[in-house]
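*Asks:* Quick one: the structure is below, and I'll ask about it shortly.
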Amino acid sequence: MKLPKEFYNGFIIFLGIGLYFLLMELLGLADLFYLRLFNVLFVFYGTNRTLKTNFTEGKTILVSNAVSALITSLTGVFLSIIGLIIYSYSKGGDAYVGSLSKTFLFGGNPSVMTYSISLLFEGIVSAVIVTFMLLLYWESRYSSDKH
């Protein structure tokens, strides 16, 4: 059984974000929130792969490409959040998240679930923004080729 490209590329996003996070953790940089902003590059990469494949296959309908790209990016985001929850609990749960969030979105002591839910919302927003940006890029690129 062949995995749909949306889930395959979503898994690539998950792997990229996961390996990047583990590298930051290994280097002692996990508490630097601005380095976490680079996670969006992995979302761009995986979503762009899906759209590139769609256009290569001749799929140029905006709505179906939007759905395909959004499924890709959201798959990566959801898998990454699940991975974060599992990793956080394996490292000590709420105490571990407390060490990450000192310079991030929270005051006080967030729980693993509070932290993960807020990152989920952030990830969903970035997935939507990345999807629309890439759709504009690919649609303008190919619509000029049609005329």
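Chain labels run A, B, ... following the order of the structure tokens; each chain numbers its residues from 1, and ligands are numbered from 1 in the order shown.
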Taking a cut-off of 12 Å and counting only C-alpha atoms, can you build a table that, for each residue of stretch 13-35 of chain A near stretch 91-98 of chain A, reports the nearest atom pair and how far apart they are in Å (one decimal), sorted by chain then residue number, as a Markdown table?

*Replies:*
```
| residue | atom | partner | partner_atom | distance |
| --- | --- | --- | --- | --- |
| A:Glu25 | CA | A:Lys91 | CA | 11.5 |
| A:Ala30 | CA | A:Val97 | CA | 10.8 |
| A:Asp31 | CA | A:Val97 | CA | 10.0 |
```

*Asks:* Mind dumping the selected residues with N, CA, C and O atoms as a PDB file, in the first residue's frame?

*Replies:*
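And here is the file that came out, out02.pdb:
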```pdb
ATOM      1  N   GLU A  25      18.221  20.601  21.432  1.00  0.00           N
ATOM      2  CA  GLU A  25      18.283  20.052  22.791  1.00  0.00           C
ATOM      3  C   GLU A  25      19.703  19.569  23.094  1.00  0.00           C
ATOM      4  O   GLU A  25      20.254  19.850  24.163  1.00  0.00           O
ATOM      5  N   ALA A  30      17.601  24.588  23.339  1.00  0.00           N
ATOM      6  CA  ALA A  30      16.147  24.383  23.282  1.00  0.00           C
ATOM      7  C   ALA A  30      15.375  25.488  23.976  1.00  0.00           C
ATOM      8  O   ALA A  30      14.197  25.693  23.679  1.00  0.00           O
ATOM      9  N   ASP A  31      16.010  26.214  24.885  1.00  0.00           N
ATOM     10  CA  ASP A  31      15.297  27.274  25.587  1.00  0.00           C
ATOM     11  C   ASP A  31      15.318  28.604  24.834  1.00  0.00           C
ATOM     12  O   ASP A  31      14.697  29.569  25.259  1.00  0.00           O
TER      13      ASP A  31
END
```

*Asks:* For A:Tyr20, work out the shell of residues within 12 Å, counting only C-alpha atoms and skipping chain neighbours fewer than 2 positions away, then give it as a ChimeraX atom specification.

*Replies:* /A:13-18,22-27,29-30,35-42,80

*Asks:* For C-alpha atoms, I'd like the residues from the last selection saved as a CSV table (one decimal), in the first residue's frame.

*Replies:*
```csv
chain,number,residue,atom,x,y,z
A,13,ILE,CA,7.8,17.8,8.2
A,14,PHE,CA,7.6,15.8,11.4
A,15,LEU,CA,11.0,14.3,11.0
A,16,GLY,CA,12.6,17.6,10.2
A,17,ILE,CA,11.0,19.4,13.1
A,18,GLY,CA,11.8,16.5,15.4
A,22,LEU,CA,16.6,17.2,19.2
A,23,LEU,CA,19.7,18.9,17.8
A,24,MET,CA,18.8,22.1,19.6
A,25,GLU,CA,18.3,20.1,22.8
A,26,LEU,CA,21.6,18.3,22.3
A,27,LEU,CA,23.4,21.7,21.8
A,29,LEU,CA,19.7,25.7,22.7
A,30,ALA,CA,16.1,24.4,23.3
A,35,LEU,CA,15.5,29.4,17.1
A,36,ARG,CA,12.2,27.5,17.2
A,37,LEU,CA,10.9,29.9,14.6
A,38,PHE,CA,12.9,28.0,12.0
A,39,ASN,CA,10.4,25.1,12.4
A,40,VAL,CA,8.3,26.9,9.7
A,41,LEU,CA,11.0,26.1,7.2
A,42,PHE,CA,10.3,22.4,7.5
A,80,SER,CA,5.1,17.1,15.8
```

*Asks:* Could you tell me, as a PyMOL selection string, which residues of chain A DSSP assigns to alpha helix (DSSP H) when given the backbone?

*Replies:* chain A and resi 5-26+33-36+39-56+62-90+94-100+112-146

*Asks:* For A:Ile85, please output as a ChimeraX atom specification all residues within 8 Å (counting only C-alpha atoms; exclusion window: fewer than 2 positions along the same chain).

*Replies:* /A:81-83,87-89,112-113,116

*Asks:* Can you measure atom CA of A:Gly123 to atom CA of A:Leu74 for me? One decimal in Å is fine.

*Replies:*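 For atom CA of A:Gly123 relative to atom CA of A:Leu74, the distance reads 7.9 Å.
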
*Asks:* Which residues, written as a PyMOL selection string, have at least one atom at most 9 Å from stretch 43-53 of chain A, with only C-alpha atoms counted and residues fewer than 2 positions away on the same chain left out?

*Replies:* chain A and resi 5-6+8-14+16-17+39-41+55-59+65-66+68-74+76-77+126-127+130-131+134-135+138

*Asks:* Could you dump the residues just selected with N, CA and C atoms as a compact mmCIF listing (two decimals), in the first residue's frame?

*Replies:*
```txt
# COMPACT_ATOMS: atom_id res chain seq x y z
N LYS A 5 0.86 11.14 -0.83
CA LYS A 5 1.94 12.12 -0.75
C LYS A 5 1.73 13.13 0.37
N GLU A 6 0.48 13.44 0.69
CA GLU A 6 0.21 14.39 1.77
C GLU A 6 0.72 13.87 3.11
N TYR A 8 2.96 11.37 3.50
CA TYR A 8 4.40 11.15 3.37
C TYR A 8 5.16 12.46 3.61
N ASN A 9 4.73 13.53 2.95
CA ASN A 9 5.39 14.82 3.13
C ASN A 9 5.11 15.41 4.51
N GLY A 10 3.95 15.13 5.07
CA GLY A 10 3.68 15.53 6.45
C GLY A 10 4.62 14.84 7.42
N PHE A 11 4.92 13.58 7.13
CA PHE A 11 5.87 12.84 7.96
C PHE A 11 7.28 13.42 7.82
N ILE A 12 7.62 13.88 6.62
CA ILE A 12 8.92 14.54 6.41
C ILE A 12 8.99 15.82 7.26
N ILE A 13 7.89 16.57 7.31
CA ILE A 13 7.85 17.77 8.16
C ILE A 13 8.09 17.37 9.61
N PHE A 14 7.40 16.34 10.07
CA PHE A 14 7.56 15.84 11.44
C PHE A 14 9.01 15.45 11.72
N GLY A 16 11.73 16.44 10.16
CA GLY A 16 12.57 17.64 10.16
C GLY A 16 12.47 18.42 11.45
N ILE A 17 11.24 18.68 11.88
CA ILE A 17 11.03 19.42 13.13
C ILE A 17 11.59 18.63 14.32
N ASN A 39 11.26 26.26 12.66
CA ASN A 39 10.40 25.10 12.40
C ASN A 39 9.56 25.31 11.15
N VAL A 40 9.19 26.56 10.89
CA VAL A 40 8.33 26.85 9.75
C VAL A 40 9.01 26.49 8.43
N LEU A 41 10.33 26.47 8.40
CA LEU A 41 11.04 26.09 7.18
C LEU A 41 10.74 24.64 6.79
N PHE A 55 1.43 19.75 -9.23
CA PHE A 55 1.55 20.46 -10.50
C PHE A 55 2.29 19.63 -11.54
N THR A 56 3.26 18.84 -11.11
CA THR A 56 3.96 17.94 -12.02
C THR A 56 2.99 16.90 -12.59
N GLU A 57 2.04 16.44 -11.76
CA GLU A 57 1.04 15.48 -12.20
C GLU A 57 -0.10 16.13 -12.98
N GLY A 58 -0.05 17.44 -13.19
CA GLY A 58 -1.08 18.14 -13.95
C GLY A 58 -2.29 18.56 -13.13
N LYS A 59 -2.19 18.45 -11.83
CA LYS A 59 -3.30 18.86 -10.95
C LYS A 59 -3.17 20.35 -10.67
N ASN A 65 -5.68 21.58 -4.66
CA ASN A 65 -4.30 21.82 -4.23
C ASN A 65 -4.26 22.43 -2.83
N ALA A 66 -5.21 23.30 -2.53
CA ALA A 66 -5.28 23.89 -1.20
C ALA A 66 -5.54 22.82 -0.15
N SER A 68 -4.92 19.59 -0.43
CA SER A 68 -3.75 18.72 -0.40
C SER A 68 -2.62 19.34 0.41
N ALA A 69 -2.35 20.63 0.18
CA ALA A 69 -1.28 21.32 0.89
C ALA A 69 -1.61 21.45 2.37
N LEU A 70 -2.86 21.76 2.68
CA LEU A 70 -3.25 21.91 4.08
C LEU A 70 -3.18 20.58 4.83
N ILE A 71 -3.59 19.50 4.19
CA ILE A 71 -3.48 18.18 4.81
C ILE A 71 -2.01 17.87 5.11
N THR A 72 -1.13 18.20 4.17
CA THR A 72 0.30 17.96 4.36
C THR A 72 0.83 18.71 5.56
N SER A 73 0.58 20.02 5.58
CA SER A 73 1.15 20.83 6.66
C SER A 73 0.53 20.49 8.01
N LEU A 74 -0.77 20.24 8.03
CA LEU A 74 -1.41 19.89 9.30
C LEU A 74 -0.97 18.52 9.81
N GLY A 76 2.01 17.26 9.43
CA GLY A 76 3.31 17.53 10.06
C GLY A 76 3.17 18.18 11.42
N VAL A 77 2.26 19.14 11.52
CA VAL A 77 2.05 19.84 12.79
C VAL A 77 1.49 18.88 13.85
N SER A 126 0.41 28.65 11.42
CA SER A 126 1.54 28.66 10.49
C SER A 126 1.28 27.74 9.30
N ALA A 127 0.59 26.63 9.51
CA ALA A 127 0.26 25.73 8.41
C ALA A 127 -0.65 26.42 7.40
N VAL A 130 1.46 29.19 5.56
CA VAL A 130 2.38 28.57 4.61
C VAL A 130 1.62 28.04 3.40
N THR A 131 0.48 27.41 3.64
CA THR A 131 -0.33 26.87 2.54
C THR A 131 -0.74 27.98 1.59
N LEU A 134 2.31 29.39 -0.40
CA LEU A 134 2.77 28.49 -1.46
C LEU A 134 1.74 28.36 -2.58
N LEU A 135 0.46 28.41 -2.24
CA LEU A 135 -0.56 28.38 -3.29
C LEU A 135 -0.43 29.60 -4.19
N TRP A 138 2.67 28.95 -6.46
CA TRP A 138 2.48 27.95 -7.50
C TRP A 138 1.40 28.35 -8.49
```
